[in-house]
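Notes for the one structure printed next.
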Amino acid sequence: MSVPLSAEVQVIALLRELDAETVAHPGGTLLAHLRRVQEQLAVWGARPALQLAGLCHAFYGTDGFPTPLLPLDRRAELAAVIGAEAEALVYFYAACDRRASYPTLADADAAFRDRFTGRTFTPDRGLRRDFAELSAANELDIARIDPAFREASGAELLTLFTRLRPLLSRSAWTDCHTELTTAPLPGGAAPRP
């Protein structure tokens, strides 16, 4: 199932309005990265709300990319474009305190720390699955585009996604394993399955 064209067009227009085309990101611009993440989620069969969250996952910045496009007091603007479910996923992804949350995310009693509020809670399995899938799409895109990132972080990412394997779709896990266990080709290009 794909994202409704009208929602995608509105999101792309909003991203352009917020200068995502000019924000530097591995592989070009933030907008290019966001589109690739959405496309990866679509290939993996993610539902439209998760695909939209992939396209918007950096709106509030992240623990690894602290350049927000919108401040948190404007969450309603994004929700009006992508819907409440997708916006809640964007917030959840952005709010993750990775150091505190990653170690137990696959556990049923996972402690998730919101880096914006400092609050810790246990998210349900569905939310953790969405987070894992979005994280895999995001990190694999960067690893494919940036050989230096892949070299420096590939083993750590493989460890993370191996731990999160129970939350990942079969397609996402297969891509994580394939991309992160295969050595880069000469010249720095990552091999494709």
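Chain labels A, B, ... are given in the sequence in which chains occur in the structure tokens; within each chain residues are numbered consecutively from 1, and ligands are likewise numbered from 1 in the order shown.
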**Q.** stretch 102-114 of chain A surroundings by only C-alpha atoms, 7 Å radius, close-in-sequence under 3 positions cut, as a ChimeraX atom specification
**A.** /A:95-99,117-123,128,163-164,166-167
Q. Atom CA of A:Ser135 and atom CA of A:Leu160 are how many Å apart?
A. 10.0 Å
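Per DSSP on the backbone, strand (DSSP E or B) in stretch 4-51 of chain A comprises Ala24, His25, Gly28 and Thr29 of chain A.
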(Q) Can you tell me which residues surround stretch 58-75 of chain A at a distance of at most 8 Å, considering only C-alpha atoms, apart from same-chain residues fewer than 5 positions away, and format the answer as a VMD selection string? (A) chain A and resid 18 to 20 34 87 90 to 91 93 to 98 115
Any chance you could export the current selection's all heavy atoms as a CSV table (one decimal), in the first residue's frame?
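As written to disk, result.csv reads:
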chain,number,residue,atom,x,y,z
A,18,LEU,N,10.5,24.6,4.2
A,18,LEU,CA,11.4,24.6,5.4
A,18,LEU,C,12.8,24.4,5.1
A,18,LEU,O,13.7,24.1,5.9
A,18,LEU,CB,10.9,23.5,6.4
A,18,LEU,CG,9.5,23.8,6.9
A,18,LEU,CD1,9.0,22.6,7.7
A,18,LEU,CD2,9.4,25.0,7.8
A,19,ASP,N,13.2,24.5,3.8
A,19,ASP,CA,14.6,24.4,3.3
A,19,ASP,C,15.3,23.1,3.4
A,19,ASP,O,16.5,23.0,3.5
A,19,ASP,CB,15.4,25.5,3.9
A,19,ASP,CG,14.9,26.9,3.5
A,19,ASP,OD1,14.5,27.1,2.4
A,19,ASP,OD2,15.0,27.8,4.4
A,20,ALA,N,14.5,22.0,3.5
A,20,ALA,CA,15.2,20.7,3.6
A,20,ALA,C,16.0,20.4,2.3
A,20,ALA,O,17.0,19.6,2.4
A,20,ALA,CB,14.1,19.6,3.7
A,34,LEU,N,15.5,11.9,3.1
A,34,LEU,CA,14.1,11.6,3.6
A,34,LEU,C,13.3,10.8,2.5
A,34,LEU,O,12.6,9.9,2.9
A,34,LEU,CB,13.4,12.9,4.0
A,34,LEU,CG,14.0,13.6,5.2
A,34,LEU,CD1,13.3,15.0,5.3
A,34,LEU,CD2,13.9,12.8,6.4
A,87,GLU,N,2.4,11.5,12.5
A,87,GLU,CA,3.1,12.6,13.3
A,87,GLU,C,3.6,12.0,14.6
A,87,GLU,O,4.7,12.4,15.1
A,87,GLU,CB,2.2,13.8,13.5
A,87,GLU,CG,2.9,15.0,14.1
A,87,GLU,CD,3.2,15.0,15.6
A,87,GLU,OE1,2.4,14.4,16.3
A,87,GLU,OE2,4.2,15.5,16.0
A,90,VAL,N,6.7,10.3,14.1
A,90,VAL,CA,7.8,11.2,13.9
A,90,VAL,C,8.3,11.7,15.2
A,90,VAL,O,9.5,11.8,15.5
A,90,VAL,CB,7.4,12.4,13.0
A,90,VAL,CG1,8.5,13.5,12.9
A,90,VAL,CG2,7.1,11.9,11.5
A,91,TYR,N,7.4,12.1,16.1
A,91,TYR,CA,7.8,12.6,17.4
A,91,TYR,C,8.5,11.5,18.2
A,91,TYR,O,9.6,11.7,18.8
A,91,TYR,CB,6.6,13.1,18.2
A,91,TYR,CG,7.0,13.5,19.6
A,91,TYR,CD1,7.4,14.8,19.8
A,91,TYR,CD2,7.0,12.6,20.7
A,91,TYR,CE1,7.9,15.2,21.1
A,91,TYR,CE2,7.5,13.0,21.9
A,91,TYR,CZ,7.9,14.2,22.1
A,91,TYR,OH,8.3,14.6,23.4
A,93,TYR,N,10.2,8.9,17.1
A,93,TYR,CA,11.5,8.7,16.6
A,93,TYR,C,12.5,9.8,17.0
A,93,TYR,O,13.6,9.6,17.4
A,93,TYR,CB,11.4,8.6,15.0
A,93,TYR,CG,12.8,8.2,14.4
A,93,TYR,CD1,13.2,6.9,14.4
A,93,TYR,CD2,13.6,9.2,13.9
A,93,TYR,CE1,14.4,6.5,13.8
A,93,TYR,CE2,14.8,8.8,13.3
A,93,TYR,CZ,15.2,7.5,13.3
A,93,TYR,OH,16.4,7.2,12.8
A,94,ALA,N,12.0,11.1,16.9
A,94,ALA,CA,12.8,12.2,17.2
A,94,ALA,C,13.2,12.3,18.7
A,94,ALA,O,14.2,12.7,19.1
A,94,ALA,CB,12.1,13.5,16.8
A,95,ALA,N,12.2,11.8,19.5
A,95,ALA,CA,12.4,11.9,21.0
A,95,ALA,C,13.3,10.9,21.6
A,95,ALA,O,13.7,11.0,22.7
A,95,ALA,CB,11.0,11.8,21.6
A,96,CYS,N,13.7,9.9,20.8
A,96,CYS,CA,14.5,8.8,21.4
A,96,CYS,C,15.8,9.3,21.9
A,96,CYS,O,16.6,9.8,21.1
A,96,CYS,CB,14.7,7.7,20.3
A,96,CYS,SG,15.6,6.3,20.9
A,97,ASP,N,16.1,9.1,23.1
A,97,ASP,CA,17.4,9.2,23.7
A,97,ASP,C,18.1,7.9,23.4
A,97,ASP,O,17.9,6.9,24.1
A,97,ASP,CB,17.3,9.5,25.2
A,97,ASP,CG,18.7,9.6,25.9
A,97,ASP,OD1,19.6,8.9,25.5
A,97,ASP,OD2,18.8,10.3,26.9
A,98,ARG,N,18.9,7.8,22.4
A,98,ARG,CA,19.4,6.6,21.9
A,98,ARG,C,20.3,5.8,22.9
A,98,ARG,O,20.2,4.6,23.1
A,98,ARG,CB,20.2,6.8,20.6
A,98,ARG,CG,19.4,7.3,19.5
A,98,ARG,CD,20.2,7.6,18.2
A,98,ARG,NE,19.3,8.0,17.2
A,98,ARG,CZ,19.7,8.3,15.9
A,98,ARG,NH1,20.9,8.2,15.6
A,98,ARG,NH2,18.8,8.7,15.0
A,115,ARG,N,14.0,12.3,25.0
A,115,ARG,CA,15.0,13.2,25.2
A,115,ARG,C,14.5,14.7,25.3
A,115,ARG,O,15.2,15.6,25.8
A,115,ARG,CB,16.1,13.2,24.1
A,115,ARG,CG,15.6,13.6,22.8
A,115,ARG,CD,16.7,13.4,21.7
A,115,ARG,NE,16.2,13.9,20.4
A,115,ARG,CZ,16.6,15.0,19.9
A,115,ARG,NH1,17.4,15.8,20.5
A,115,ARG,NH2,16.1,15.4,18.7
**Q.** Test item: residues at most 9 Å from A:Trp173, only C-alpha atoms, excluding those fewer than 3 positions along its chain, as JSON, numbers by chain
**A.** {"A": [133, 136, 161, 162, 164, 165, 168, 169, 170, 176, 177, 178]}
Could you dump the residues just selected with N, CA and C atoms as an mmCIF file, in the first residue's frame?
data_model
loop_
_atom_site.group_PDB
_atom_site.id
_atom_site.type_symbol
_atom_site.label_atom_id
_atom_site.label_comp_id
_atom_site.auth_asym_id
_atom_site.auth_seq_id
_atom_site.Cartn_x
_atom_site.Cartn_y
_atom_site.Cartn_z
ATOM 1 N N GLU A 133 11.977 -0.412 12.411
ATOM 2 C CA GLU A 133 11.914 -0.413 10.949
ATOM 3 C C GLU A 133 12.399 0.936 10.394
ATOM 4 N N ALA A 136 16.155 1.268 10.870
ATOM 5 C CA ALA A 136 16.894 0.479 9.888
ATOM 6 C C ALA A 136 16.912 1.183 8.536
ATOM 7 N N PHE A 161 20.966 -3.845 15.101
ATOM 8 C CA PHE A 161 19.852 -4.452 14.367
ATOM 9 C C PHE A 161 19.735 -5.953 14.617
ATOM 10 N N THR A 162 20.827 -6.600 14.988
ATOM 11 C CA THR A 162 20.740 -7.998 15.409
ATOM 12 C C THR A 162 19.931 -8.081 16.705
ATOM 13 N N LEU A 164 17.697 -5.916 17.599
ATOM 14 C CA LEU A 164 16.325 -5.507 17.264
ATOM 15 C C LEU A 164 15.649 -6.458 16.275
ATOM 16 N N ARG A 165 16.322 -7.507 15.882
ATOM 17 C CA ARG A 165 15.784 -8.420 14.865
ATOM 18 C C ARG A 165 14.356 -8.883 15.146
ATOM 19 N N LEU A 168 12.042 -6.345 13.622
ATOM 20 C CA LEU A 168 12.180 -5.994 12.208
ATOM 21 C C LEU A 168 11.412 -6.953 11.309
ATOM 22 N N SER A 169 10.905 -6.419 10.208
ATOM 23 C CA SER A 169 10.312 -7.284 9.195
ATOM 24 C C SER A 169 11.421 -8.145 8.594
ATOM 25 N N ARG A 170 11.036 -9.216 7.977
ATOM 26 C CA ARG A 170 12.021 -10.103 7.342
ATOM 27 C C ARG A 170 12.837 -9.334 6.298
ATOM 28 N N CYS A 176 19.505 -5.340 6.382
ATOM 29 C CA CYS A 176 20.490 -4.979 7.418
ATOM 30 C C CYS A 176 21.655 -5.956 7.396
ATOM 31 N N HIS A 177 21.330 -7.230 7.410
ATOM 32 C CA HIS A 177 22.377 -8.247 7.439
ATOM 33 C C HIS A 177 23.237 -8.178 6.188
ATOM 34 N N THR A 178 22.611 -8.075 5.032
ATOM 35 C CA THR A 178 23.350 -8.040 3.775
ATOM 36 C C THR A 178 24.228 -6.797 3.674
#
(Q) Between atom CA of A:Leu180 and atom CA of A:Ala143, what distance in Å does the model show, to one decimal? (A)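 It comes out at 8.0 Å.
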Q: Can you pull out every residue within 9 Å of A:Leu55, counting only C-alpha atoms, but drop anything in the same chain fewer than 6 positions away, and send it as a PyMOL selection string?
A: chain A and resi 8+11-12+31+33-39
Would you save the residues from that selection as a CSV table (one decimal), in the first residue's frame, using all heavy atoms?
chain,number,residue,atom,x,y,z
A,8,GLU,N,1.8,13.0,0.0
A,8,GLU,CA,3.2,13.1,-0.3
A,8,GLU,C,3.5,14.5,-1.0
A,8,GLU,O,4.5,15.1,-0.6
A,8,GLU,CB,3.5,12.0,-1.3
A,8,GLU,CG,5.0,11.9,-1.5
A,8,GLU,CD,5.4,10.6,-2.3
A,8,GLU,OE1,4.6,9.7,-2.4
A,8,GLU,OE2,6.5,10.6,-2.9
A,11,VAL,N,3.6,17.1,1.8
A,11,VAL,CA,4.8,16.9,2.6
A,11,VAL,C,6.1,17.5,1.9
A,11,VAL,O,6.9,18.2,2.5
A,11,VAL,CB,5.1,15.5,3.0
A,11,VAL,CG1,6.4,15.3,3.7
A,11,VAL,CG2,4.0,15.0,4.0
A,12,ILE,N,6.2,17.1,0.6
A,12,ILE,CA,7.4,17.6,-0.2
A,12,ILE,C,7.3,19.1,-0.2
A,12,ILE,O,8.4,19.8,-0.1
A,12,ILE,CB,7.4,17.0,-1.6
A,12,ILE,CG1,7.5,15.4,-1.5
A,12,ILE,CG2,8.5,17.6,-2.4
A,12,ILE,CD1,8.8,14.9,-0.8
A,31,LEU,N,16.4,16.5,2.2
A,31,LEU,CA,15.3,16.1,1.4
A,31,LEU,C,15.5,14.8,0.6
A,31,LEU,O,14.7,13.9,0.6
A,31,LEU,CB,14.8,17.2,0.5
A,31,LEU,CG,13.6,16.9,-0.4
A,31,LEU,CD1,12.4,16.5,0.5
A,31,LEU,CD2,13.3,18.1,-1.3
A,33,HIS,N,17.7,12.4,1.3
A,33,HIS,CA,17.7,11.4,2.3
A,33,HIS,C,16.3,10.9,2.8
A,33,HIS,O,16.0,9.7,2.8
A,33,HIS,CB,18.6,11.8,3.5
A,33,HIS,CG,18.4,10.9,4.7
A,33,HIS,ND1,18.9,9.6,4.7
A,33,HIS,CD2,17.8,11.1,5.9
A,33,HIS,CE1,18.6,9.1,5.9
A,33,HIS,NE2,18.0,10.0,6.7
A,34,LEU,N,15.5,11.9,3.1
A,34,LEU,CA,14.1,11.6,3.6
A,34,LEU,C,13.3,10.8,2.5
A,34,LEU,O,12.6,9.9,2.9
A,34,LEU,CB,13.4,12.9,4.0
A,34,LEU,CG,14.0,13.6,5.2
A,34,LEU,CD1,13.3,15.0,5.3
A,34,LEU,CD2,13.9,12.8,6.4
A,35,ARG,N,13.5,11.2,1.3
A,35,ARG,CA,12.8,10.5,0.2
A,35,ARG,C,13.3,9.1,0.1
A,35,ARG,O,12.5,8.2,-0.1
A,35,ARG,CB,12.9,11.3,-1.1
A,35,ARG,CG,12.2,12.6,-1.1
A,35,ARG,CD,12.3,13.3,-2.3
A,35,ARG,NE,11.1,12.9,-3.1
A,35,ARG,CZ,10.6,13.6,-4.1
A,35,ARG,NH1,11.2,14.7,-4.5
A,35,ARG,NH2,9.6,13.2,-4.8
A,36,ARG,N,14.6,8.9,0.2
A,36,ARG,CA,15.1,7.5,0.1
A,36,ARG,C,14.7,6.6,1.2
A,36,ARG,O,14.4,5.5,1.1
A,36,ARG,CB,16.7,7.5,0.0
A,36,ARG,CG,17.2,8.1,-1.2
A,36,ARG,CD,18.7,7.9,-1.4
A,36,ARG,NE,19.5,8.4,-0.2
A,36,ARG,CZ,20.1,9.6,-0.2
A,36,ARG,NH1,20.0,10.4,-1.2
A,36,ARG,NH2,20.7,10.0,0.9
A,37,VAL,N,14.6,7.2,2.4
A,37,VAL,CA,14.1,6.5,3.6
A,37,VAL,C,12.6,6.0,3.4
A,37,VAL,O,12.2,4.9,3.6
A,37,VAL,CB,14.2,7.3,4.9
A,37,VAL,CG1,13.5,6.6,6.1
A,37,VAL,CG2,15.7,7.4,5.2
A,38,GLN,N,11.8,7.0,2.9
A,38,GLN,CA,10.4,6.6,2.6
A,38,GLN,C,10.3,5.5,1.5
A,38,GLN,O,9.6,4.6,1.7
A,38,GLN,CB,9.6,7.8,2.1
A,38,GLN,CG,8.2,7.5,1.7
A,38,GLN,CD,7.5,8.5,0.7
A,38,GLN,OE1,8.1,9.4,0.3
A,38,GLN,NE2,6.3,8.2,0.5
A,39,GLU,N,11.2,5.6,0.5
A,39,GLU,CA,11.2,4.6,-0.6
A,39,GLU,C,11.6,3.3,-0.1
A,39,GLU,O,11.0,2.2,-0.4
A,39,GLU,CB,12.1,5.1,-1.7
A,39,GLU,CG,11.5,6.2,-2.5
A,39,GLU,CD,12.6,6.9,-3.4
A,39,GLU,OE1,13.7,6.4,-3.5
A,39,GLU,OE2,12.3,8.0,-4.0
Q) Hey, which of A:Ala7, A:Ala155, A:Ile145, A:Ala172 ends up closest to A:Ala86? Count only C-alpha atoms. A)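 Among the listed residues, the smallest separation from A:Ala86 belongs to A:Ala7.
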Q. What separation in Å, quoted to one decimal, exists between atom CA of A:Asn138 and atom CA of A:Gly54?
A.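 So the two atoms, atom CA of A:Asn138 and atom CA of A:Gly54, lie 7.9 Å apart.
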Q: Select from stretch 53-83 of chain A everything DSSP, run on the backbone, classes as helix (DSSP H, G or I), then give the selection as an MDAnalysis selection string.
A: chainID A and resid 53:56 72:82
